[in-house]
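Enquirer: Quick one: structure below, then a few questions.
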Amino acid sequence: MSYKRVAILGRPNVGKSTLFNRLCGKRMAIVENVPGVTRDWREGKAKLFDLRFTAVDTAGLEGFESDDLKAQILAQTARVLEDADVVLFVLDAREGILATDRILVDYVRRAKKPTLVLVNKCERDENAFYEAASLGLGDTDPIAISALQGIGLDDLRAHLAELLGPQSVQKNNQDEDFEAEGEETPPLQMTLIGRPNAGKSTLINRLLGQDRLLVGSQPGITRDAIRLDWEYGGRPLKLIDTAGVRRRAKVSDPLEQLSVRDTLQAVRYAHVVVLVVDARQALDRQDVLLAQKVIEEGRCLVIAVNKWDLADRVSFDEIKDVLLTSLSEVKGVPVIPLSAKTGHNLDKLMAAIFKMYDLWNARISTADLNRWLEHATTRHPLPLSGVGRVRIKYATQIKTRPPTFALFVSKPADLPDSYMRYLQTSLREDFDLPGVPLRLWVRKGKNPYVKDENPKPVRKKSYEK
């Protein structure tokens with residue numbers, strides 16, 4: 001079922017993103033008391049009591065570094081208005097009507113869309129509510145709300161239901177369909193990370209085949225994670241563009257700190273993370289730290305060496321050697337030279353992403369694991385402990401995403417990390433799992449001759465890579 005689109009429009013800092021987050025039921029947009037936080041428009045499934053619709057958060061018209069960036073935002077806003085079924089025009093009750101509000105009023109009038117005027121931040125009784133009526137905009141009188149505290153949303157629901165129509169009103173038995181829509185085939189979560197100005201947004205625009213995200217020569221255009229639905233080769237994906245991450249010592253602005261936090265959260269929920277690096281620049285320690293963060297989180301990693309059409313001093317082999325030396329624990333991470341601007345090698349990038357995703361979901365039978373374990377311990381005998389050797393009784397895979405294995409060991413404390421590294425390397429090579437983070441958990445099983453021993457396996461140590 002397709003849901004009607006409700007666009008949220010207004011100048012900066014009137015509370016558009018706060019309202020968007022409330023309607024979507026979670027924090028999907030960064031909220032900060034400075035202009036220009038929201039840049040690329042975003043959409044999400046929204047609920048307002050029994051109403052179900054798609055909410056679209058848009059940028060204001062202030063707080064941007066260049067005229068080119070502002071022109072892109074105006075073009076995006078025009079497209080959002082064209083596709084919207086209803087417009088929520090948000091004003092600030094504390095500041096009243098400003099010149100920027102009147103400019104946006106003209107945009108809304110030209111769009112000729114059903115409109116509701118919302119006077120936000122109405123915790124105090126301000127005269128702006130009556131001033132808003134003088135704009136002559138909207139299909140009803142202005143509605144006083146507080147997006148932060150949830151005041152006035154019942155009035156908003158009553159007026160919005162009339163404009164959206166009865167098909168947007170959901171009964172209880174239909175609400176599950178709204179939540180589960182699209183979950184039969186969960187999309188592959190593909191997150192792009194990297195330093196500022198590496199070309200992440202340009203790469204997503206090239207994949208989508210449209211200018212969906214703002215791009216420019218200045219770093220730091222993207223502020224928060226933007227999630228976009230896409231399909232490639234019949235497989236559904238969710239592309240997630242993130243803000244560039246600089247070295248921690250250089251990050252002092254509170255807004256940039258929020259952006260970095262949003263980026264790291266996007267990594268935690270990703271399936272495959274594409275680290276975008278600039279082929280023209282020497283590899284920075286920050287690139288390596290970002291790659292290591294992905295591996296620590298157990299996500300798939302693919303490295304995209306962007307702007308390859310402009311590279312003239314740094315060879316691909318040098319870049320690959322540095323990256324793979326720094327990430328020796330996950331040998332075989334794909335490194336793809338490409339150009340987001342021209343589209344060169346994007347097919348190879350997508351092939352590598354799907355391959356890593358399939359490996360990430362790989363499952364190995366317990367019988368095959370224990371045959372491997374017998375051969376591995378024969379090739380390289382287990383270390384001595386006291387009068388005998390440490391024994392690994394058996395191994396089993398306990399989960400995927402990433403592949404995680406439990407080793408039941410007689411004396412876990414006496415199994416050195418060097419032997420764990422050997423097992424991890426052997427496991428990767430024998431089962432053809434290049435570049436995938438593997439986790440090995442060491443556990444001690446029940447001693448059948450001790451009656452009062454805890455029957456549950458106790459984890460003594462672990463080895464995660």
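Ligands are numbered from 1 in the order shown, residues from 1 within each chain, and chains are lettered A, B, ... in the order they appear in the structure tokens.
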Would you pick out the contacts of A:Gly332 at 9 Å or less, using only C-alpha atoms, so that residues sharing its chain but fewer than 5 positions from it are not included, and give the list as a list in words?
Expert: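 These residues fall inside the cut-off: Leu324, Leu433, Pro434, Gly435 and Val436 of chain A.
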Enquirer: For A:Trp230, please output as a list in words all residues within 12 Å (counting only C-alpha atoms; exclusion window: fewer than 3 positions along the same chain).
Expert: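 Contacts, in chain order: Pro187, Leu188, Gln189, Met190, Ile204, Asn205, Leu207, Leu208, Gly209, Gln210, Arg212, Arg227, Gly233, Gly234, Arg235, Pro236, Leu237, Lys238, Leu239 and Ile240 of chain A.
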Enquirer: Find the residue from A:Lys307, A:His375, A:Arg102, A:Lys113 that sits nearest to A:Val80; use only C-alpha atoms when measuring.
Expert: A:Lys113
Enquirer: Using only C-alpha atoms, which of the listed residues (A:Thr191, A:Thr185, A:Asn13, A:Thr396) sits closest to A:Arg363?
Expert: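 Looking at the shortest contact to A:Arg363, the residue is A:Thr396.
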Enquirer: Please list as a ChimeraX atom specification every residue within 8 Å of A:Arg39, counting only C-alpha atoms and excluding residues in the same chain fewer than 6 positions away.
Expert: /A:58-60,73,214,221-223
Enquirer: Skip stretch 166-169 of chain A itself and residues of its chain fewer than 3 positions away, then list as an MDAnalysis selection string all residues within 8 Å of it, counting only C-alpha atoms.
Expert: chainID A and resid 3:4 50:53 161:162
Enquirer: Expressed in Å to a single decimal, how great is the separation between atom CA of A:Gly136 and atom CA of A:Ala7?
Expert: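 A separation of 19.0 Å between them.
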Enquirer: Give me every strand (DSSP E or B) residue in stretch 83-187 of chain A, going by DSSP on the backbone, as a PyMOL selection string.
Expert: chain A and resi 86-92+115-120+143-144+146+151+169
Enquirer: Which neighbours of stretch 350-353 of chain A fall inside 12 Å, counting only C-alpha atoms, when residues of the same chain fewer than 3 positions from it are skipped, and could you give them as an NGL selection string?
Expert: :A and (188-192 or 203-204 or 207 or 231-233 or 235 or 237 or 271-275 or 299-304 or 332-338 or 343-347 or 356-360 or 434-436)
Enquirer: Within 8 Å of A:Arg195, counting only C-alpha atoms, which residues show up once you throw out same-chain ones fewer than 3 positions away? Write them as number ranges by chain, please.
Expert: A: 198, 244-246, 276-277, 286-287
Enquirer: Using only C-alpha atoms, pick whichever of A:Leu423, A:Val117, A:Cys24, A:Ile145 has the shortest atom-to-atom distance to A:Lys45.
Expert: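 Of the candidates, the smallest distance to A:Lys45 is held by A:Cys24.
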Enquirer: Do you have the atom CA of A:Leu163-atom CA of A:Gln72 distance handy?
Expert: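 Taking atom CA of A:Leu163 and atom CA of A:Gln72, their separation equals 29.4 Å.
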Enquirer: By how many Å are atom CA of A:Leu148 and atom CA of A:Asn21 apart?
Expert: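 The value is 9.5 Å.
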Enquirer: Point out the residue among A:Asp155, A:Asp40, A:Glu131, A:Asp278 with the least atom-to-atom distance to A:Ala75, counting only C-alpha atoms.
Expert: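 Of A:Asp155, A:Asp40, A:Glu131, A:Asp278, the one nearest A:Ala75, counting only C-alpha atoms, is A:Asp40.
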Enquirer: Give me, as a ChimeraX atom specification, all polymer residues having an atom no more than 8 Å from A:Leu48, counting only C-alpha atoms and skipping those fewer than 4 positions away in the same chain.
Expert: /A:23,52,153,157
Enquirer: What would the file look like if the residues just selected were written as a CSV table (one decimal), in the first residue's frame with N, CA and C atoms?
Expert:
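Listed below is the output, again.csv:
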chain,number,residue,atom,x,y,z
A,23,LEU,N,6.5,12.7,14.7
A,23,LEU,CA,5.6,12.0,13.8
A,23,LEU,C,6.1,10.6,13.5
A,52,ARG,N,-1.9,7.3,9.1
A,52,ARG,CA,-0.6,6.7,8.6
A,52,ARG,C,-0.3,7.4,7.3
A,153,LEU,N,-1.4,18.2,18.9
A,153,LEU,CA,-1.4,17.2,17.8
A,153,LEU,C,-2.7,16.6,17.6
A,157,ARG,N,-4.3,16.3,13.9
A,157,ARG,CA,-4.8,15.1,13.4
A,157,ARG,C,-6.2,15.3,12.7
Enquirer: What are the DSSP helix (DSSP H, G or I) residues of stretch 106-145 of chain A, as a list in words?
Expert: Asp106, Tyr107, Val108, Arg109, Arg110, Ala111, Ala128, Phe129, Tyr130, Glu131, Ala132 and Ala133 of chain A
Enquirer: Between A:Leu91, A:Val14, A:Leu382, A:Ala132, single out the one closest to A:Pro416, counting only C-alpha atoms.
Expert: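 The closest residue to A:Pro416 is A:Leu382.
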Enquirer: Taking into account only C-alpha atoms, which residue in the set A:Tyr130, A:Trp372, A:Phe354, A:Tyr422 is nearest to A:Ala395?
Expert: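 Closest to A:Ala395, using only C-alpha atoms: A:Trp372.
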